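Novice: Contents of upload18.cif (mmCIF, C-alpha atoms) are given next:
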```cif
data_data
loop_
_atom_site.group_PDB
_atom_site.id
_atom_site.type_symbol
_atom_site.label_atom_id
_atom_site.label_comp_id
_atom_site.auth_asym_id
_atom_site.auth_seq_id
_atom_site.Cartn_x
_atom_site.Cartn_y
_atom_site.Cartn_z
ATOM 1 C CA MET D 1 -97.489 58.436 112.116
ATOM 2 C CA GLU D 2 -97.659 54.804 110.969
ATOM 3 C CA GLU D 3 -94.092 55.045 109.608
ATOM 4 C CA ASP D 4 -92.862 56.379 112.961
ATOM 5 C CA GLU D 5 -94.582 53.519 114.781
ATOM 6 C CA GLU D 6 -93.067 50.984 112.397
ATOM 7 C CA GLU D 7 -89.617 52.545 112.887
ATOM 8 C CA ILE D 8 -89.925 52.367 116.684
ATOM 9 C CA SER D 9 -91.225 48.831 116.436
ATOM 10 C CA SER D 10 -88.311 47.694 114.261
ATOM 11 C CA MET D 11 -85.781 49.279 116.616
ATOM 12 C CA GLU D 12 -87.377 47.689 119.665
ATOM 13 C CA TYR D 13 -87.384 44.335 117.880
ATOM 14 C CA LEU D 14 -83.687 44.731 117.042
ATOM 15 C CA LEU D 15 -82.792 45.582 120.631
ATOM 16 C CA ASP D 16 -84.889 42.664 121.878
ATOM 17 C CA LEU D 17 -82.825 40.308 119.703
ATOM 18 C CA VAL D 18 -79.560 41.770 120.971
ATOM 19 C CA LEU D 19 -80.668 41.430 124.599
ATOM 20 C CA GLN D 20 -81.252 37.680 124.266
ATOM 21 C CA LYS D 21 -79.268 35.841 126.944
ATOM 22 C CA ASP D 22 -79.982 32.229 126.026
ATOM 23 C CA LEU D 23 -77.028 30.724 124.163
ATOM 24 C CA GLY D 24 -79.121 28.733 121.709
ATOM 25 C CA ARG D 25 -81.314 31.742 120.953
ATOM 26 C CA ARG D 26 -78.272 33.935 120.330
ATOM 27 C CA LEU D 27 -76.880 31.451 117.840
ATOM 28 C CA GLN D 28 -80.245 31.536 116.041
ATOM 29 C CA VAL D 29 -80.719 35.313 115.879
ATOM 30 C CA GLY D 30 -77.123 36.520 115.409
ATOM 31 C CA GLN D 31 -77.290 36.512 111.620
ATOM 32 C CA GLU D 32 -80.710 38.185 111.658
ATOM 33 C CA ILE D 33 -79.328 41.022 113.792
ATOM 34 C CA THR D 34 -76.540 41.603 111.277
ATOM 35 C CA GLU D 35 -79.011 41.633 108.384
ATOM 36 C CA LEU D 36 -81.304 44.080 110.187
ATOM 37 C CA VAL D 37 -78.408 46.447 110.897
ATOM 38 C CA LEU D 38 -77.408 46.451 107.234
ATOM 39 C CA ASN D 39 -80.979 46.879 105.942
ATOM 40 C CA GLN D 40 -81.935 50.559 106.169
ATOM 41 C CA GLU D 41 -85.457 49.846 104.902
ATOM 42 C CA ARG D 42 -86.211 47.303 107.619
ATOM 43 C CA CYS D 43 -84.401 49.252 110.333
ATOM 44 C CA PRO D 44 -84.404 52.932 109.288
ATOM 45 C CA GLY D 45 -84.126 54.594 112.704
ATOM 46 C CA LEU D 46 -80.777 53.233 113.837
ATOM 47 C CA GLU D 47 -78.909 56.501 113.299
ATOM 48 C CA GLN D 48 -81.568 58.632 114.981
ATOM 49 C CA ASP D 49 -82.047 56.783 118.270
ATOM 50 C CA GLN D 50 -78.703 57.394 120.015
ATOM 51 C CA GLY D 51 -79.847 55.920 123.312
ATOM 52 C CA LEU D 52 -80.903 52.656 121.734
ATOM 53 C CA LEU D 53 -77.721 52.534 119.644
ATOM 54 C CA ASP D 54 -75.536 53.063 122.721
ATOM 55 C CA ARG D 55 -77.354 50.317 124.588
ATOM 56 C CA MET D 56 -77.111 47.961 121.634
ATOM 57 C CA VAL D 57 -73.369 48.486 121.091
ATOM 58 C CA ASP D 58 -72.642 48.153 124.800
ATOM 59 C CA THR D 59 -74.568 44.877 124.993
ATOM 60 C CA VAL D 60 -72.921 43.395 121.907
ATOM 61 C CA ALA D 61 -69.434 44.379 123.109
ATOM 62 C CA SER D 62 -69.796 43.369 126.750
ATOM 63 C CA SER D 63 -72.069 40.339 126.433
ATOM 64 C CA TRP D 64 -71.624 38.892 122.935
ATOM 65 C CA VAL D 65 -67.953 39.626 122.185
ATOM 66 C CA ASN D 66 -67.055 38.724 125.781
ATOM 67 C CA SER D 67 -69.013 35.468 125.643
ATOM 68 C CA SER D 68 -67.318 32.209 126.628
ATOM 69 C CA ASN D 69 -68.761 30.613 123.474
ATOM 70 C CA TYR D 70 -66.565 31.398 120.477
ATOM 71 C CA LYS D 71 -69.494 31.168 118.032
ATOM 72 C CA VAL D 72 -71.321 33.909 119.922
ATOM 73 C CA VAL D 73 -68.098 35.949 119.969
ATOM 74 C CA LEU D 74 -67.822 35.688 116.186
ATOM 75 C CA LEU D 75 -71.483 36.642 115.755
ATOM 76 C CA GLY D 76 -70.947 39.644 118.013
ATOM 77 C CA MET D 77 -68.007 40.775 115.892
ATOM 78 C CA GLU D 78 -70.125 40.391 112.752
ATOM 79 C CA VAL D 79 -72.768 42.652 114.277
ATOM 80 C CA LEU D 80 -70.131 45.267 115.159
ATOM 81 C CA SER D 81 -68.693 45.010 111.661
ATOM 82 C CA ALA D 82 -72.164 45.599 110.214
ATOM 83 C CA LEU D 83 -72.575 48.643 112.459
ATOM 84 C CA VAL D 84 -69.285 50.035 111.161
ATOM 85 C CA ASP D 85 -70.526 49.522 107.589
ATOM 86 C CA ARG D 86 -73.824 51.206 108.386
ATOM 87 C CA LEU D 87 -72.616 54.102 110.529
ATOM 88 C CA GLN D 88 -69.159 54.770 109.026
ATOM 89 C CA GLU D 89 -67.669 57.860 110.796
ATOM 90 C CA ARG D 90 -70.616 57.995 113.190
ATOM 91 C CA PHE D 91 -69.346 54.776 114.769
ATOM 92 C CA ARG D 92 -66.395 56.778 116.131
ATOM 93 C CA THR D 93 -68.418 57.645 119.251
ATOM 94 C CA GLN D 94 -68.669 53.908 119.991
ATOM 95 C CA VAL D 95 -64.952 53.130 119.685
ATOM 96 C CA GLY D 96 -64.293 53.594 123.401
ATOM 97 C CA THR D 97 -67.134 51.188 124.192
ATOM 98 C CA VAL D 98 -65.978 48.326 121.963
ATOM 99 C CA LEU D 99 -62.178 48.499 122.313
ATOM 100 C CA PRO D 100 -61.824 46.850 125.753
ATOM 101 C CA SER D 101 -63.591 43.716 124.527
ATOM 102 C CA LEU D 102 -61.765 43.715 121.187
ATOM 103 C CA ILE D 103 -58.401 44.076 122.930
ATOM 104 C CA ASP D 104 -59.260 41.099 125.146
ATOM 105 C CA ARG D 105 -60.177 38.996 122.125
ATOM 106 C CA LEU D 106 -56.744 39.580 120.563
ATOM 107 C CA GLY D 107 -55.676 37.034 123.169
ATOM 108 C CA ASP D 108 -58.404 34.494 122.401
ATOM 109 C CA SER D 109 -57.366 30.847 122.256
ATOM 110 C CA LYS D 110 -58.946 30.359 118.807
ATOM 111 C CA ASP D 111 -57.148 31.573 115.681
ATOM 112 C CA GLN D 112 -60.431 32.408 113.934
ATOM 113 C CA VAL D 113 -61.474 34.771 116.713
ATOM 114 C CA ARG D 114 -58.102 36.535 116.813
ATOM 115 C CA GLU D 115 -58.033 36.936 113.044
ATOM 116 C CA GLN D 116 -61.585 38.284 112.830
ATOM 117 C CA ASP D 117 -60.900 40.581 115.772
ATOM 118 C CA GLN D 118 -57.836 42.105 114.111
ATOM 119 C CA ALA D 119 -59.733 42.508 110.832
ATOM 120 C CA LEU D 120 -62.502 44.373 112.684
ATOM 121 C CA LEU D 121 -59.997 46.689 114.392
ATOM 122 C CA LEU D 122 -58.421 47.543 111.024
ATOM 123 C CA LYS D 123 -61.873 48.125 109.576
ATOM 124 C CA ILE D 124 -62.699 50.576 112.368
ATOM 125 C CA MET D 125 -59.420 52.410 111.657
ATOM 126 C CA ASP D 126 -60.282 52.559 107.978
ATOM 127 C CA GLN D 127 -63.944 53.545 108.095
ATOM 128 C CA SER D 128 -64.749 55.091 111.473
ATOM 129 C CA ALA D 129 -61.709 56.542 113.254
ATOM 130 C CA ASN D 130 -58.141 57.078 112.100
ATOM 131 C CA PRO D 131 -55.439 54.641 113.312
ATOM 132 C CA GLN D 132 -53.924 57.166 115.719
ATOM 133 C CA TYR D 133 -57.292 57.736 117.427
ATOM 134 C CA VAL D 134 -57.778 53.989 117.874
ATOM 135 C CA TRP D 135 -54.219 53.225 119.003
ATOM 136 C CA GLU D 136 -54.256 55.960 121.615
ATOM 137 C CA ARG D 137 -57.028 53.928 123.234
ATOM 138 C CA MET D 138 -55.349 50.554 122.704
ATOM 139 C CA MET D 139 -51.877 51.164 124.130
ATOM 140 C CA GLY D 140 -52.864 49.940 127.576
ATOM 141 C CA GLY D 141 -53.136 46.487 126.009
ATOM 142 C CA PHE D 142 -49.347 46.216 125.898
ATOM 143 C CA LYS D 143 -49.570 45.694 129.688
ATOM 144 C CA HIS D 144 -52.485 43.248 129.517
ATOM 145 C CA LYS D 145 -52.322 40.282 131.890
ATOM 146 C CA ASN D 146 -52.993 37.840 129.036
ATOM 147 C CA ILE D 147 -49.819 36.775 127.235
ATOM 148 C CA ARG D 148 -51.640 36.227 123.943
ATOM 149 C CA THR D 149 -53.179 39.696 124.148
ATOM 150 C CA ARG D 150 -49.779 41.357 124.543
ATOM 151 C CA GLU D 151 -48.523 39.325 121.618
ATOM 152 C CA GLY D 152 -51.676 40.037 119.607
ATOM 153 C CA LEU D 153 -51.333 43.779 120.092
ATOM 154 C CA CYS D 154 -47.842 43.652 118.599
ATOM 155 C CA LEU D 155 -49.139 41.693 115.624
ATOM 156 C CA CYS D 156 -51.992 44.161 115.211
ATOM 157 C CA LEU D 157 -49.529 47.057 115.185
ATOM 158 C CA ILE D 158 -47.522 45.333 112.444
ATOM 159 C CA SER D 159 -50.713 44.954 110.390
ATOM 160 C CA THR D 160 -51.599 48.600 111.020
ATOM 161 C CA LEU D 161 -48.219 49.719 109.690
ATOM 162 C CA ASN D 162 -48.553 47.538 106.599
ATOM 163 C CA VAL D 163 -52.085 48.720 105.841
ATOM 164 C CA PHE D 164 -51.902 52.413 106.733
ATOM 165 C CA GLY D 165 -48.169 53.205 106.804
ATOM 166 C CA SER D 166 -46.011 54.734 109.536
ATOM 167 C CA GLN D 167 -47.380 58.223 108.828
ATOM 168 C CA SER D 168 -50.716 57.141 110.298
ATOM 169 C CA LEU D 169 -49.311 56.743 113.834
ATOM 170 C CA THR D 170 -47.402 58.713 116.441
ATOM 171 C CA LEU D 171 -44.885 55.986 117.067
ATOM 172 C CA ASN D 172 -42.876 57.793 119.735
ATOM 173 C CA LYS D 173 -45.678 56.985 122.198
ATOM 174 C CA ILE D 174 -45.707 53.314 121.260
ATOM 175 C CA VAL D 175 -42.024 52.415 120.905
ATOM 176 C CA PRO D 176 -41.227 52.645 124.675
ATOM 177 C CA LEU D 177 -44.051 50.194 125.406
ATOM 178 C CA ILE D 178 -42.700 47.772 122.823
ATOM 179 C CA CYS D 179 -39.210 48.126 124.284
ATOM 180 C CA ASN D 180 -40.624 47.088 127.671
ATOM 181 C CA LEU D 181 -42.008 43.913 126.087
ATOM 182 C CA LEU D 182 -38.507 42.900 124.993
ATOM 183 C CA GLY D 183 -38.058 41.873 128.633
ATOM 184 C CA ASP D 184 -41.433 40.102 128.892
ATOM 185 C CA PRO D 185 -41.430 36.745 130.735
ATOM 186 C CA ALA D 186 -43.140 35.079 127.746
ATOM 187 C CA SER D 187 -40.882 34.255 124.801
ATOM 188 C CA GLN D 188 -43.656 34.703 122.219
ATOM 189 C CA VAL D 189 -44.268 38.231 123.486
ATOM 190 C CA ARG D 190 -40.553 39.043 123.292
ATOM 191 C CA ASP D 191 -40.445 37.672 119.746
ATOM 192 C CA ALA D 192 -43.539 39.670 118.732
ATOM 193 C CA ALA D 193 -42.050 42.837 120.230
ATOM 194 C CA MET D 194 -38.827 42.293 118.283
ATOM 195 C CA SER D 195 -40.814 41.755 115.076
ATOM 196 C CA CYS D 196 -42.671 44.967 115.857
ATOM 197 C CA LEU D 197 -39.479 47.000 116.178
ATOM 198 C CA VAL D 198 -38.112 45.483 112.977
ATOM 199 C CA GLU D 199 -41.319 46.407 111.164
ATOM 200 C CA ILE D 200 -41.143 49.971 112.470
ATOM 201 C CA TYR D 201 -37.529 50.150 111.279
ATOM 202 C CA ARG D 202 -38.581 48.800 107.893
ATOM 203 C CA HIS D 203 -41.034 51.666 107.521
ATOM 204 C CA VAL D 204 -39.189 54.506 109.270
ATOM 205 C CA GLY D 205 -35.497 53.787 108.762
ATOM 206 C CA GLU D 206 -32.358 54.783 110.651
ATOM 207 C CA ARG D 207 -34.073 57.197 113.040
ATOM 208 C CA VAL D 208 -35.351 54.149 114.918
ATOM 209 C CA ARG D 209 -31.801 52.894 115.462
ATOM 210 C CA MET D 210 -30.700 56.298 116.771
ATOM 211 C CA ASP D 211 -33.712 56.672 119.047
ATOM 212 C CA LEU D 212 -33.388 53.200 120.553
ATOM 213 C CA GLY D 213 -29.827 54.090 121.527
ATOM 214 C CA LYS D 214 -31.293 56.751 123.820
ATOM 215 C CA LYS D 215 -33.771 54.447 125.578
ATOM 216 C CA GLY D 216 -31.296 53.019 128.104
ATOM 217 C CA LEU D 217 -31.614 49.460 126.812
ATOM 218 C CA PRO D 218 -28.853 46.985 127.731
ATOM 219 C CA GLN D 219 -26.110 46.963 125.096
ATOM 220 C CA SER D 220 -26.543 43.233 124.490
ATOM 221 C CA ARG D 221 -30.213 43.780 123.682
ATOM 222 C CA LEU D 222 -29.409 46.737 121.457
ATOM 223 C CA ASN D 223 -26.862 44.657 119.566
ATOM 224 C CA MET D 224 -29.464 41.965 118.948
ATOM 225 C CA ILE D 225 -32.025 44.546 117.731
ATOM 226 C CA PHE D 226 -29.511 46.278 115.475
ATOM 227 C CA SER D 227 -28.430 42.978 113.941
ATOM 228 C CA LYS D 228 -32.074 42.384 112.994
ATOM 229 C CA PHE D 229 -32.202 45.862 111.467
ATOM 230 C CA ASP D 230 -29.049 45.104 109.476
ATOM 231 C CA GLU D 231 -30.592 41.882 108.156
ATOM 232 C CA VAL D 232 -33.660 43.758 106.910
ATOM 233 C CA GLN D 233 -31.531 46.439 105.311
ATOM 234 C CA ARG D 234 -29.381 43.885 103.510
ATOM 235 C CA SER D 235 -32.460 41.994 102.346
ATOM 236 C CA GLY D 236 -33.740 44.988 100.388
ATOM 237 C CA ASN D 237 -37.138 44.817 102.106
ATOM 238 C CA MET D 238 -37.158 48.362 103.436
ATOM 239 C CA VAL D 239 -40.393 50.222 102.729
ATOM 240 C CA LEU D 240 -40.061 53.411 100.685
ATOM 241 C CA SER D 241 -42.773 56.019 101.201
ATOM 242 C CA PRO D 242 -42.617 58.515 98.314
ATOM 243 C CA LEU D 243 -43.840 62.005 99.139
ATOM 244 C CA SER D 244 -45.973 62.980 96.180
ATOM 245 C CA GLY D 245 -46.804 66.401 94.868
ATOM 246 C CA LYS D 246 -45.575 69.811 95.922
ATOM 247 C CA ILE D 247 -44.126 69.699 99.430
ATOM 248 C CA SER D 248 -43.605 72.652 101.717
ATOM 249 C CA VAL D 249 -41.023 71.921 104.411
ATOM 250 C CA LEU D 250 -41.092 73.903 107.635
ATOM 251 C CA TRP D 251 -38.225 73.658 110.092
ATOM 252 C CA LEU D 252 -38.877 74.077 113.797
ATOM 253 C CA THR D 253 -36.173 73.937 116.455
ATOM 254 C CA GLU D 254 -36.641 72.106 119.756
ATOM 255 C CA PRO D 255 -37.113 75.303 121.871
ATOM 256 C CA GLN D 256 -39.654 76.524 119.336
ATOM 257 C CA ALA D 257 -41.485 73.235 119.524
ATOM 258 C CA ALA D 258 -41.800 73.602 123.291
ATOM 259 C CA GLU D 259 -42.952 77.224 123.161
ATOM 260 C CA SER D 260 -45.405 76.692 120.327
ATOM 261 C CA GLY D 261 -46.974 73.617 121.911
ATOM 262 C CA ARG D 262 -45.464 71.189 119.410
ATOM 263 C CA ASP D 263 -43.227 68.330 120.284
ATOM 264 C CA GLY D 264 -42.247 64.956 118.870
ATOM 265 C CA SER D 265 -45.694 63.627 119.722
ATOM 266 C CA VAL D 266 -47.361 65.630 116.965
ATOM 267 C CA CYS D 267 -45.008 64.371 114.310
ATOM 268 C CA SER D 268 -45.963 61.460 112.153
ATOM 269 C CA GLU D 269 -43.671 59.286 110.049
ATOM 270 C CA GLY D 270 -42.733 57.368 113.223
ATOM 271 C CA SER D 271 -41.202 60.252 115.131
ATOM 272 C CA THR D 272 -39.506 59.663 118.456
ATOM 273 C CA GLU D 273 -38.092 62.298 120.748
ATOM 274 C CA THR D 274 -35.840 64.925 119.135
ATOM 275 C CA GLU D 275 -34.881 63.718 115.682
ATOM 276 C CA PRO D 276 -36.052 65.841 112.719
ATOM 277 C CA VAL D 277 -39.248 64.326 111.419
ATOM 278 C CA LEU D 278 -41.784 65.128 108.737
ATOM 279 C CA HIS D 279 -45.330 65.791 109.959
ATOM 280 C CA SER D 280 -48.124 65.768 107.399
ATOM 281 C CA CYS D 281 -50.626 68.579 107.683
ATOM 282 C CA GLY D 282 -53.258 66.917 105.546
ATOM 283 C CA ALA D 283 -54.175 67.364 101.922
ATOM 284 C CA SER D 284 -52.113 70.552 101.608
ATOM 285 C CA LYS D 285 -48.961 68.375 101.482
ATOM 286 C CA ARG D 286 -47.301 70.643 104.051
ATOM 287 C CA PHE D 287 -44.914 69.019 106.498
ATOM 288 C CA HIS D 288 -43.485 70.223 109.803
ATOM 289 C CA VAL D 289 -40.005 69.154 110.821
ATOM 290 C CA ALA D 290 -39.874 69.294 114.593
ATOM 291 C CA ALA D 291 -37.088 69.284 117.163
ATOM 292 C CA GLY D 292 -34.210 69.324 114.703
ATOM 293 C CA ASP D 293 -30.858 71.083 114.896
ATOM 294 C CA PHE D 294 -31.696 73.827 112.430
ATOM 295 C CA PRO D 295 -30.994 77.591 112.271
ATOM 296 C CA PRO D 296 -32.886 79.398 115.048
ATOM 297 C CA VAL D 297 -35.785 81.682 114.203
ATOM 298 C CA GLN D 298 -38.336 83.513 116.308
ATOM 299 C CA ALA D 299 -39.924 81.177 118.819
ATOM 300 C CA GLY D 300 -43.291 79.748 117.898
ATOM 301 C CA LEU D 301 -43.029 80.544 114.188
ATOM 302 C CA ASP D 302 -43.036 78.150 111.278
ATOM 303 C CA VAL D 303 -40.529 79.291 108.711
ATOM 304 C CA LEU D 304 -40.756 78.074 105.173
ATOM 305 C CA VAL D 305 -37.237 77.219 104.095
ATOM 306 C CA ALA D 306 -37.740 74.946 101.123
ATOM 307 C CA GLU D 307 -40.221 73.872 98.511
ATOM 308 C CA ILE D 308 -39.472 70.674 96.707
ATOM 309 C CA PHE D 309 -41.075 69.645 93.451
ATOM 310 C CA ASP D 310 -40.439 65.957 93.015
ATOM 311 C CA SER D 311 -43.262 63.449 92.925
ATOM 312 C CA GLN D 312 -40.992 60.559 93.924
ATOM 313 C CA LEU D 313 -38.777 62.163 96.562
ATOM 314 C CA THR D 314 -38.317 59.869 99.557
ATOM 315 C CA GLU D 315 -37.753 61.105 103.081
ATOM 316 C CA SER D 316 -34.101 59.993 103.118
ATOM 317 C CA GLU D 317 -33.510 61.850 99.849
ATOM 318 C CA LEU D 318 -35.152 64.900 101.353
ATOM 319 C CA TYR D 319 -32.754 64.883 104.293
ATOM 320 C CA ALA D 320 -29.805 64.254 101.973
ATOM 321 C CA ARG D 321 -30.783 67.246 99.882
ATOM 322 C CA ARG D 322 -31.098 69.344 103.020
ATOM 323 C CA GLU D 323 -27.581 68.342 104.076
ATOM 324 C CA GLU D 324 -26.214 69.173 100.626
ATOM 325 C CA ASP D 325 -27.782 72.639 100.873
#
```
The structure in this file should be written as structure tokens.
Specialist:
Amino acid sequence: MEEDEEEISSMEYLLDLVLQKDLGRRLQVGQEITELVLNQERCPGLEQDQGLLDRMVDTVASSWVNSSNYKVVLLGMEVLSALVDRLQERFRTQVGTVLPSLIDRLGDSKDQVREQDQALLLKIMDQSANPQYVWERMMGGFKHKNIRTREGLCLCLISTLNVFGSQSLTLNKIVPLICNLLGDPASQVRDAAMSCLVEIYRHVGERVRMDLGKKGLPQSRLNMIFSKFDEVQRSGNMVLSPLSGKISVLWLTEPQAAESGRDGSVCSEGSTETEPVLHSCGASKRFHVAAGDFPPVQAGLDVLVAEIFDSQLTESELYARREED
């Protein structure tokens, strides 16, 4: 009974600190809040009291991270980072609560805030929710009214690709939004969008060039994009993503994809529209190839047509081998 009372008392004390509205008081207690969150002995009931946790996260996100004082903003991000460390996957239920404020802060006027914000977003993707889950809830930021936020989202996507790889995202949903930013009124947003497309090309390869040709972009803009792609290719900075272990390849034609409920959106490795793309099915190392021009089979079925045993086979080599066959 005494332990339960102490647990309730510690949780109430923690919430009381979070609910402080005075600026000076917040600056004093911010570090203590972070330490309490990380200390399971001093604050053991955090995982059990969902109502208190929801209220705490909502207050930190809406009041601390959205504060006009950058020091309070940074303290709020530290508290959220501590919560991610403490809760791990259980923080996933809070992602929708914190993302609006974190997206806003990507456009903050201070470099330190933007950098810490991006680091926190990547941490959430790493420890609490996969990158695709997070980005599905961030894509609205590409239309944000703040110029820096639109730019910051592009930079965050580049970091996501470099940390987690193109296979972590369904890029066909994101590429059209980036293409729209190529016509943004702000030059820094246009530049960031171009860098984004170049980074996607660096990771995914020639499929990006083919897909962009179907987006209805002005030829002059396409020529500029493709020249950037050519520069990267000549530089030797393309990213190779070896497919390790035993790989089962399943071919699925476009009509089959429609009838079986699959389309380009389920394919990873940066898939867009109808090009053949590998889709990882988890630890089994099985990959779907969707919407390709392959021999027809019964609708809705996955047909195993190849098994490749090569620990260093790249995707381009895989397609080349398929063409040779």
Novice: Could you name the residues that touch segment 146-155 of chain D at 9 Å or less, counting only C-alpha atoms, but leaving out those on the same chain fewer than 3 positions away, as a list in words?
Specialist: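 These residues fall inside the cut-off: Ile103, Asp104, Arg105, Leu106, Gly107, Asp108, Ser109, Arg114, Gln118, Met138, Met139, Gly141, Phe142, Lys143, Ile158, Ser159, Thr160, Ile178, Leu181, Ala186, Gln188, Val189, Arg190, Asp191, Ala192, Ala193, Ser195 and Cys196 of chain D.
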Novice: Just how far from atom CA of Leu87 of chain D is atom CA of Ser128 of chain D, in Å to one decimal?
Specialist: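 Computing the Euclidean distance for atom CA of Ser128 of chain D and atom CA of Leu87 of chain D yields 8.0 Å.
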Novice: Report the residues retrieved by the PyMOL selection byres ((chain D and resi 79) around 8) from the displayed file, expressed as a PDB file with C-alpha atoms, in the coordinates of the input.
Specialist:
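Dumped everything to out.pdb:
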```pdb
ATOM      1  CA  GLY D  30     -77.123  36.520 115.409  1.00  0.00           C
ATOM      2  CA  ILE D  33     -79.328  41.022 113.792  1.00  0.00           C
ATOM      3  CA  THR D  34     -76.540  41.603 111.277  1.00  0.00           C
ATOM      4  CA  VAL D  37     -78.408  46.447 110.897  1.00  0.00           C
ATOM      5  CA  VAL D  60     -72.921  43.395 121.907  1.00  0.00           C
ATOM      6  CA  LEU D  75     -71.483  36.642 115.755  1.00  0.00           C
ATOM      7  CA  GLY D  76     -70.947  39.644 118.013  1.00  0.00           C
ATOM      8  CA  MET D  77     -68.007  40.775 115.892  1.00  0.00           C
ATOM      9  CA  GLU D  78     -70.125  40.391 112.752  1.00  0.00           C
ATOM     10  CA  LEU D  80     -70.131  45.267 115.159  1.00  0.00           C
ATOM     11  CA  SER D  81     -68.693  45.010 111.661  1.00  0.00           C
ATOM     12  CA  ALA D  82     -72.164  45.599 110.214  1.00  0.00           C
ATOM     13  CA  LEU D  83     -72.575  48.643 112.459  1.00  0.00           C
TER      14      LEU D  83
END
```
Novice: Could you tell me which of D:Lys215, D:Arg202, D:Arg86, D:Lys110 comes closest to Gly165 of chain D if we count all atoms listed in the file?
Specialist: D:Arg202
Novice: Axis-aligned box over every listed atom of segment 69-77 of chain D, padded by 8 Å per side: centre and edges in Å to one decimal, as JSON?
Specialist:
```
{"center_x": -69.0, "center_y": 35.7, "center_z": 119.6, "size_x": 20.9, "size_y": 26.2, "size_z": 23.7}
```
Novice: May I ask which of the residues D:Val208, D:Cys156, D:Leu14, D:Leu99 is the closest one to Leu122 of chain D, counting only C-alpha atoms?
Specialist: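 For Leu122 of chain D, the nearest of the given residues is D:Cys156.
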Novice: On this structure, the PyMOL selection byres ((chain D and resi 224-234) around 10) would catch which residues? List them as a count of residues only, sorted by chain and number.
Specialist: 25
Novice: With only C-alpha atoms as the basis for distance, which of D:Leu161, D:Asp184, D:Met125, D:Leu23 is at the shortest distance from Lys145 of chain D?
Specialist: D:Asp184
Novice: What is the distance between atom CA of Asn69 of chain D and atom CA of Leu17 of chain D, in Å to one decimal?
Specialist: 17.5 Å
Novice: I need the output of the PyMOL selection byres ((chain D and resi 13) around 12) for this file as a list in words; which residues are they?
Specialist: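 Applied to this file, the PyMOL selection byres ((chain D and resi 13) around 12) selects Glu6, Glu7, Ile8, Ser9, Ser10, Met11, Glu12, Leu14, Leu15, Asp16, Leu17, Val18, Leu19, Gln20, Val29, Glu32, Ile33, Leu36, Val37, Arg42, Cys43, Gly45, Leu46, Leu52 and Met56 of chain D.
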Novice: Output the selection as an mmCIF file, in the coordinates of the input - C-alpha atoms for each residue.
Specialist:
```
data_model
loop_
_atom_site.group_PDB
_atom_site.id
_atom_site.type_symbol
_atom_site.label_atom_id
_atom_site.label_comp_id
_atom_site.auth_asym_id
_atom_site.auth_seq_id
_atom_site.Cartn_x
_atom_site.Cartn_y
_atom_site.Cartn_z
ATOM 1 C CA GLU D 6 -93.067 50.984 112.397
ATOM 2 C CA GLU D 7 -89.617 52.545 112.887
ATOM 3 C CA ILE D 8 -89.925 52.367 116.684
ATOM 4 C CA SER D 9 -91.225 48.831 116.436
ATOM 5 C CA SER D 10 -88.311 47.694 114.261
ATOM 6 C CA MET D 11 -85.781 49.279 116.616
ATOM 7 C CA GLU D 12 -87.377 47.689 119.665
ATOM 8 C CA LEU D 14 -83.687 44.731 117.042
ATOM 9 C CA LEU D 15 -82.792 45.582 120.631
ATOM 10 C CA ASP D 16 -84.889 42.664 121.878
ATOM 11 C CA LEU D 17 -82.825 40.308 119.703
ATOM 12 C CA VAL D 18 -79.560 41.770 120.971
ATOM 13 C CA LEU D 19 -80.668 41.430 124.599
ATOM 14 C CA GLN D 20 -81.252 37.680 124.266
ATOM 15 C CA VAL D 29 -80.719 35.313 115.879
ATOM 16 C CA GLU D 32 -80.710 38.185 111.658
ATOM 17 C CA ILE D 33 -79.328 41.022 113.792
ATOM 18 C CA LEU D 36 -81.304 44.080 110.187
ATOM 19 C CA VAL D 37 -78.408 46.447 110.897
ATOM 20 C CA ARG D 42 -86.211 47.303 107.619
ATOM 21 C CA CYS D 43 -84.401 49.252 110.333
ATOM 22 C CA GLY D 45 -84.126 54.594 112.704
ATOM 23 C CA LEU D 46 -80.777 53.233 113.837
ATOM 24 C CA LEU D 52 -80.903 52.656 121.734
ATOM 25 C CA MET D 56 -77.111 47.961 121.634
#
```
Novice: One decimal, in Å: what's the spacing between atom CA of Gly24 of chain D and atom CA of Leu74 of chain D?
Specialist: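 It comes out at 14.4 Å.
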